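Dropping input10.csv in here (CSV, C-alpha atoms):
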chain,number,residue,atom,x,y,z
X,1306,MET,CA,102.7,83.0,123.0
X,1307,ALA,CA,104.2,86.4,122.5
X,1308,VAL,CA,102.5,89.2,124.5
X,1309,GLN,CA,103.5,92.8,124.1
X,1310,GLN,CA,105.2,94.5,127.1
X,1311,ASN,CA,104.1,98.0,126.4
X,1312,ARG,CA,101.3,99.5,124.3
X,1313,LYS,CA,102.4,101.0,121.0
X,1314,THR,CA,101.3,104.6,120.5
X,1315,ARG,CA,99.1,105.8,117.7
X,1316,ALA,CA,102.0,107.7,116.2
X,1317,LYS,CA,104.3,104.7,116.0
X,1318,ARG,CA,101.5,102.5,114.7
X,1319,ASP,CA,100.7,104.9,111.9
X,1320,MET,CA,104.3,105.4,111.0
X,1321,ARG,CA,104.6,101.6,110.6
X,1322,ARG,CA,101.5,101.6,108.4
X,1323,SER,CA,102.7,104.5,106.2
X,1324,HIS,CA,104.1,102.1,103.6
X,1325,ASP,CA,101.0,99.8,103.4
X,1326,ALA,CA,99.0,102.1,101.0
X,1327,LEU,CA,98.5,100.6,97.6
X,1328,ALA,CA,99.8,102.7,94.7
X,1329,ALA,CA,97.9,102.9,91.4
X,1330,PRO,CA,99.7,101.1,88.6
X,1331,SER,CA,101.5,103.5,86.3
X,1332,GLY,CA,100.6,103.6,82.6
X,1333,ILE,CA,102.1,105.3,79.6
X,1334,GLU,CA,100.7,105.9,76.1
X,1335,CYS,CA,101.9,103.6,73.4
X,1336,PRO,CA,103.7,105.6,70.7
X,1337,ASN,CA,102.3,103.4,67.9
X,1338,CYS,CA,98.6,103.1,68.7
X,1339,GLY,CA,98.0,105.5,71.6
X,1340,GLU,CA,96.6,102.9,74.1
X,1341,LEU,CA,97.7,102.8,77.7
X,1342,LYS,CA,100.3,100.2,78.5
X,1343,ARG,CA,102.7,99.3,81.3
X,1344,PRO,CA,106.2,100.8,81.0
X,1345,HIS,CA,108.8,98.5,79.6
X,1346,HIS,CA,106.2,96.0,78.4
X,1347,VAL,CA,104.8,95.0,75.0
X,1348,CYS,CA,101.6,96.8,74.1
X,1349,GLY,CA,98.7,94.5,74.4
X,1350,ALA,CA,96.7,96.3,71.7
X,1351,CYS,CA,99.1,96.4,68.8
X,1352,GLY,CA,102.1,94.1,69.9
X,1353,TYR,CA,104.7,96.8,69.5
X,1354,TYR,CA,107.7,97.4,71.9
X,1355,ARG,CA,110.2,100.2,71.4
X,1356,GLU,CA,108.8,101.1,68.0
X,1357,ARG,CA,109.1,97.5,66.7
X,1358,GLU,CA,106.5,94.8,66.2
X,1359,VAL,CA,107.4,91.9,68.4
X,1360,VAL,CA,104.1,90.1,68.7
X,1361,ALA,CA,102.1,89.6,65.5
X,1362,LYS,CA,98.4,90.5,66.1
X,1363,PRO,CA,95.8,88.8,63.8
X,1364,GLU,CA,93.8,91.2,61.9
X,1365,ILE,CA,90.0,90.6,62.2
X,1366,ASP,CA,87.8,91.6,59.3
X,1367,LEU,CA,84.4,92.6,60.7
X,1368,ASP,CA,82.9,93.4,57.3
X,1369,ASP,CA,82.7,89.8,56.0
X,1370,ASP,CA,79.6,87.8,57.2
X,1371,ALA,CA,80.5,84.3,58.3
X,1372,ALA,CA,77.0,83.0,58.0
This entry written out as structure tokens:
Amino acid sequence: MAVQQNRKTRAKRDMRRSHDALAAPSGIECPNCGELKRPHHVCGACGYYREREVVAKPEIDLDDDAA
């Protein structure tokens, strides 16, 4: 079993941990609908990517009563 030879200082330990922080995911506004979306991904709300519709979203009519 590996056992450390010398104790690591607080400074060295913290320098090693400097890259462990989690970054918040970035988001940009969709130019078509204004919702937040991930960069370089299709918008989940409207289905547009680079000002083109690439995923057809079904339109739901909430005015009609099903019952």
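Straight-line separation from atom CA of Val1308 of chain X to atom CA of Arg1321 of chain X: 18.7 Å.
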Correct to one decimal, the distance atom CA of Ile1333 of chain X-atom CA of Lys1362 of chain X is 20.4 Å
Using Å and a single decimal, report how far atom CA of Ala1361 of chain X sits from atom CA of Lys1342 of chain X. 16.9 Å
